[in-house]
Amino acid sequence: MKSNWKRNGVIYIIILLAAVLLFSFLMPGGEEPAEVPLSLIVSMSQNDEIQRITVEGDLLTVATVNGQEIKAYKEVSSSLYDIEGLKLDNVVVDVKGSSGINWGGLIINILPFLLLIFLFFLIFRQARGANNQAMSFGRSRARLFPASRTSVTFDDVAGAEEAKEDMQEVVDFLKSKEKFQSLGARIPKGVLLVGPPGTGKTLMARAVAGEADVPFFSISGSEFVEMFVGVGASRVRDLFDQAKRNTPCIIFIDEIDAVGRQRGTGLGGSHDEREQTLNQILVEMDGFDTNTSVIVIAATNRPDILDPALLRPGRFDRRVVLDLPDIVGRLAILKVHSNGKPLDKDVSLETLAKGTVGFSGADLANLVNEAAILSARRNKKVIGMDELEESIDRVLAGPERKSRKISPKEKEITAYHEAGHALVGRMLPNADPVHKISIVARGITGGYTKQLPAEDRYLHTRSYMKDMLAYALGGRAAEEIVFNEITDGARSDIERSTKLARAMVTDYGMSDKLGPRTFGHKEEMVFLGREISEQRDYSEEVARQIDEEVQNIIETAHKTARGILTKNRKKLELLAKELISRETLEGKELEKFFNEIGLAKPGQKVKKTTIPAPVKPVAEGESVPQPKKASAVPKLVPKQTPAPSD
């Protein structure tokens with residue numbers, strides 16, 4: 001914007017100067033001297049009244065003896081030779097400019113015209129530039145990364161070993177395609193990378209280019225479509241033309257679902273600009289041979305909405321899935337992103353990998369970066385386990401809100417609520433182990449309890465789901481038992497429980513009464529971008545039975561949680577008071593406290609230990625009471641809570 005203002009300002013100044021010069025050139029000057037006949041000059045010379053005559057063009061300057069000067073123009077009929085031919089006694093005739101050019105006058109006369117010519121040149125040049133810019137809409141906006149700049153390799157991609165094996169074939173083809181062609185093999189023209197956001201699809205494509213050492217064209221699907229008709233198709237043609245001139249190379253189209261959405265779903269019909277762009281992509285991918293060594297790699301997290309013609313063999317005929325990493329993949333990703341960073345000796349990447357179930361590669365990279373920022377904020381030289389654990393909590397629940405002022409009563413309710421979650425989760429045989437309890441507010445939550453799965457789960461049993469329902473309702477049950485009152489703090493717990501219970505009945509077929517079938521047909525609204533809406537395919541009687549089954553499952557889980565907490569009421573109070581005192585318990589400290597109060601895992605024996613007395617705050621002016629000997633807890637084996645009948 002600033003450069004345009006400067007350029008226009010220069011043009012305006014030039015226009016102003018040209019106008020001033022042209023005006024001064026066209027406007028007449030001062031009063032012209034009258035013409036004097038030569039006879040008068042001759043007579044003055046004969047009377048010895050003239051001392052010198054200066055001739056400069058048509059202007060005569062006559063210097064008299066008295067020191068006066070007479071300026072006059074020659075007669076039109078007279079010429080310079082008339083003056084030179086006169087026999088003027090005692091008169092000096094000085095003729096100027098008779099053999100040269102008057103450059104000053106010439107420049108003054110020509111300069112306005114030169115400025116006007118220069119002005120028109122600038123105007124036409126600017127108009128031509130605007131025209132070129134308008135015509136450049138059809139040029140591809142893909143960013144070209146030369147082979148020397150693609151420094152990413154497969155070593156930088158962790159947690160996707162199967163995907164790297166599939167993409168290794170593309171690398172081998174780009175390096176030595178003769179090996180495949182000699183066997184009659186045809187490398188896929190297009191590779192579609194499918195996976196949730198943050199799983200490394202773009203990184204994988206750049207790693208392929210880095211391993212093969214070839215140029216890399218990168219463009220987003222949204223950059224093809226403009227408001228002008230035909231621009232997207234023109235950009236597709238230009239992109240493939242550039243790729244063919246730089247073979248071997250890779251074309252990477254990120255978020256291809258922006259233009260590859262199934263045709264016929266828009267309001268513009270076949271004339272829709274997005275569909276025209278998709279048609280051109282289909283033509284280009286079907287129109288070049290694999291011998292050109294151009295590989296098209298596309299990425300999307302919505303493969304279900306892509307047009308079938310785009311996925312058929314001959315276009316994107318290979319699909320590579322990059323899913324969320326498992327515990328081994330998360331450990332490898334953490335090692336990659338922590339490489340080169342100073343870690344404390346007590347940092348356990350294995351523990352972090354266990355506690356980050358569901359994290360993508362981008363989430364793990366952000367986790368390590370947040371820990372480094374937090375360590376620098378605390379003026380530490382190394383990144384400790386505390387900072388890494390804090391980063392996980394920030395990602396899951398948000399930053400701590402220590403400045404939030406809550407009353408002692410609300411703090412007590414929060415402590416019992418979270419203690420109820422933890423105690424129920426501790427006693428249930430199929431629930432994930434409890435790793436951390438905190439009553440420090442984070443984000444929109446007043447406290448939270450975090451579980452640490454012993455292993456990644458890909459199949460979930462009905463017993464596991466029922467135990468997780470009881471765990472989720474443990475906070476609500478604790479409020480009912482201790483305070484004989486309920487709050488809205490269990491809102492999210494109830495919401496998750498209701499969704500899980502309904503899914504058990506309608507999606508997973510886990511209801512003995514309704515049997516192994518699904519209820520509700522999920523229809524895709526193609527004209528609204530394939531939005532999903534549920535259509536009922538069952539009667540009102542079945543709907544009533546579904547509601548009854550969901551209600552029965554939730555009530556059974558609630559009774560299970562109340563039974564565990566009622567049986568372990570004293571341990572619930574000890575755990576809640578410890579949370580009020582320390583606010584956070586996690587890891588080894590939490591496990592040690594569980595053992596101290598005799599809260600063992602199902603099937604685990606508890607050794608005889610002592611129960612610490614709860615710390616009572618001392619008011620000002622009171623004497624500090626002497627600690628009493630802790631009472632002994634007899635050795636006991638907690639009885640496993642049986643799962644409710646189906």
# chains A, B, ... in the order shown; residues from 1 in each chain; ligands from 1

$ residues_around --residues "range 513-517 of chain A" --least-positions-apart "6" --cutoff "12 Å" --atoms "only C-alpha atoms" --output "ChimeraX atom specification"
/A:503-507,537-538,541-550,552-553,646

$ residues_around --residues "range 574-581 of chain A" --least-positions-apart "4" --cutoff "7 Å" --atoms "only C-alpha atoms" --output "compact mmCIF listing (two decimals) with N, CA and C atoms, in the first residue's frame"
# COMPACT_ATOMS: atom_id res chain seq x y z
N GLU A 412 -14.18 -27.68 49.35
CA GLU A 412 -14.45 -28.97 49.98
C GLU A 412 -15.31 -29.85 49.07
N ALA A 415 -13.16 -31.19 46.33
CA ALA A 415 -12.26 -32.24 46.81
C ALA A 415 -12.99 -33.57 46.94
N TYR A 416 -14.18 -33.55 47.50
CA TYR A 416 -14.94 -34.81 47.62
C TYR A 416 -15.38 -35.33 46.25
N ALA A 419 -12.25 -36.85 44.73
CA ALA A 419 -11.91 -38.05 45.50
C ALA A 419 -12.87 -39.19 45.19
N LYS A 570 -14.78 -43.73 55.12
CA LYS A 570 -13.67 -43.13 55.87
C LYS A 570 -12.48 -42.85 54.96
N PRO A 614 -5.27 -36.23 59.61
CA PRO A 614 -5.42 -35.07 58.73
C PRO A 614 -4.88 -33.82 59.40

$ select_by_dssp --residues "range 287-427 of chain A" --states "alpha helix (DSSP H)" --output "ChimeraX atom specification"
/A:287,308-311,327-338,349-354,361-377,385-397,408-427

$ closest_residue --among "A:Val336, A:Val208, A:Lys405, A:Ser293" --to "Glu178 in chain A" --atoms "only C-alpha atoms"
A:Ser293

$ residues_around --residues "Ile413 in chain A" --least-positions-apart "5" --cutoff "10 Å" --atoms "only C-alpha atoms" --output "PDB file with N, CA, C and O atoms, in the first residue's frame"
ATOM      1  N   PRO A 408     -14.242 -21.775  50.879  1.00  0.00           N
ATOM      2  CA  PRO A 408     -13.841 -23.059  51.473  1.00  0.00           C
ATOM      3  C   PRO A 408     -14.872 -24.162  51.250  1.00  0.00           C
ATOM      4  O   PRO A 408     -14.508 -25.326  51.100  1.00  0.00           O
ATOM      5  N   GLU A 418     -13.753 -34.984  43.307  1.00  0.00           N
ATOM      6  CA  GLU A 418     -12.619 -35.629  42.636  1.00  0.00           C
ATOM      7  C   GLU A 418     -12.170 -36.868  43.401  1.00  0.00           C
ATOM      8  O   GLU A 418     -11.735 -37.858  42.780  1.00  0.00           O
ATOM      9  N   ALA A 419     -12.254 -36.849  44.727  1.00  0.00           N
ATOM     10  CA  ALA A 419     -11.913 -38.047  45.499  1.00  0.00           C
ATOM     11  C   ALA A 419     -12.873 -39.186  45.191  1.00  0.00           C
ATOM     12  O   ALA A 419     -12.480 -40.368  45.172  1.00  0.00           O
ATOM     13  N   ILE A 439      -7.441 -30.412  42.541  1.00  0.00           N
ATOM     14  CA  ILE A 439      -8.605 -29.541  42.728  1.00  0.00           C
ATOM     15  C   ILE A 439      -8.248 -28.105  42.347  1.00  0.00           C
ATOM     16  O   ILE A 439      -8.968 -27.167  42.709  1.00  0.00           O
ATOM     17  N   GLY A 475     -18.055 -38.902  41.075  1.00  0.00           N
ATOM     18  CA  GLY A 475     -18.074 -37.571  41.681  1.00  0.00           C
ATOM     19  C   GLY A 475     -19.459 -37.175  42.123  1.00  0.00           C
ATOM     20  O   GLY A 475     -19.652 -36.629  43.226  1.00  0.00           O
ATOM     21  N   ALA A 478     -20.379 -39.120  45.279  1.00  0.00           N
ATOM     22  CA  ALA A 478     -19.708 -38.618  46.485  1.00  0.00           C
ATOM     23  C   ALA A 478     -20.424 -37.395  47.040  1.00  0.00           C
ATOM     24  O   ALA A 478     -20.559 -37.234  48.264  1.00  0.00           O
ATOM     25  N   GLU A 479     -20.877 -36.502  46.166  1.00  0.00           N
ATOM     26  CA  GLU A 479     -21.615 -35.330  46.630  1.00  0.00           C
ATOM     27  C   GLU A 479     -22.908 -35.749  47.341  1.00  0.00           C
ATOM     28  O   GLU A 479     -23.277 -35.176  48.381  1.00  0.00           O
ATOM     29  N   VAL A 482     -21.904 -37.478  50.946  1.00  0.00           N
ATOM     30  CA  VAL A 482     -21.280 -36.632  51.965  1.00  0.00           C
ATOM     31  C   VAL A 482     -22.159 -35.435  52.309  1.00  0.00           C
ATOM     32  O   VAL A 482     -22.368 -35.106  53.492  1.00  0.00           O
ATOM     33  N   PHE A 483     -22.682 -34.759  51.306  1.00  0.00           N
ATOM     34  CA  PHE A 483     -23.405 -33.503  51.543  1.00  0.00           C
ATOM     35  C   PHE A 483     -24.923 -33.655  51.446  1.00  0.00           C
ATOM     36  O   PHE A 483     -25.648 -32.692  51.734  1.00  0.00           O
ATOM     37  N   ILE A 486     -26.653 -32.183  45.605  1.00  0.00           N
ATOM     38  CA  ILE A 486     -25.963 -32.326  44.316  1.00  0.00           C
ATOM     39  C   ILE A 486     -25.725 -30.944  43.725  1.00  0.00           C
ATOM     40  O   ILE A 486     -26.454 -29.986  44.022  1.00  0.00           O
ATOM     41  N   THR A 487     -24.700 -30.832  42.897  1.00  0.00           N
ATOM     42  CA  THR A 487     -24.351 -29.570  42.240  1.00  0.00           C
ATOM     43  C   THR A 487     -24.289 -29.796  40.732  1.00  0.00           C
ATOM     44  O   THR A 487     -24.442 -30.917  40.235  1.00  0.00           O
ATOM     45  N   GLY A 489     -21.607 -29.453  39.097  1.00  0.00           N
ATOM     46  CA  GLY A 489     -20.227 -29.775  38.747  1.00  0.00           C
ATOM     47  C   GLY A 489     -20.086 -31.067  37.970  1.00  0.00           C
ATOM     48  O   GLY A 489     -19.053 -31.310  37.331  1.00  0.00           O
ATOM     49  N   ALA A 576     -10.145 -36.879  50.570  1.00  0.00           N
ATOM     50  CA  ALA A 576     -10.628 -35.523  50.319  1.00  0.00           C
ATOM     51  C   ALA A 576      -9.885 -34.503  51.173  1.00  0.00           C
ATOM     52  O   ALA A 576      -9.516 -33.421  50.693  1.00  0.00           O
ATOM     53  N   ILE A 580      -7.612 -31.295  50.058  1.00  0.00           N
ATOM     54  CA  ILE A 580      -7.800 -29.921  50.530  1.00  0.00           C
ATOM     55  C   ILE A 580      -6.487 -29.344  51.028  1.00  0.00           C
ATOM     56  O   ILE A 580      -6.182 -28.163  50.826  1.00  0.00           O
TER      57      ILE A 580
END

$ residues_around --residues "range 272-282 of chain A" --least-positions-apart "4" --cutoff "6 Å" --atoms "only C-alpha atoms" --output "MDAnalysis selection string"
chainID A and resid 232:233 259:260 268

$ residues_around --residues "Phe316 in chain A" --least-positions-apart "5" --cutoff "6 Å" --atoms "only C-alpha atoms" --output "list in words"
Gly190, Val191 and Leu311 of chain A

$ select_by_dssp --residues "range 330-519 of chain A" --states "strand (DSSP E or B)" --output "count of residues only"
14

$ residues_around --residues "range 66-70 of chain A" --least-positions-apart "4" --cutoff "9 Å" --atoms "only C-alpha atoms" --output "list in words"
Glu49, Ile50, Gln51, Leu60, Thr61 and Val62 of chain A

$ residues_around --residues "Arg442 in chain A" --least-positions-apart "6" --cutoff "7 Å" --atoms "only C-alpha atoms" --output "PyMOL selection string"
chain A and resi 397-401
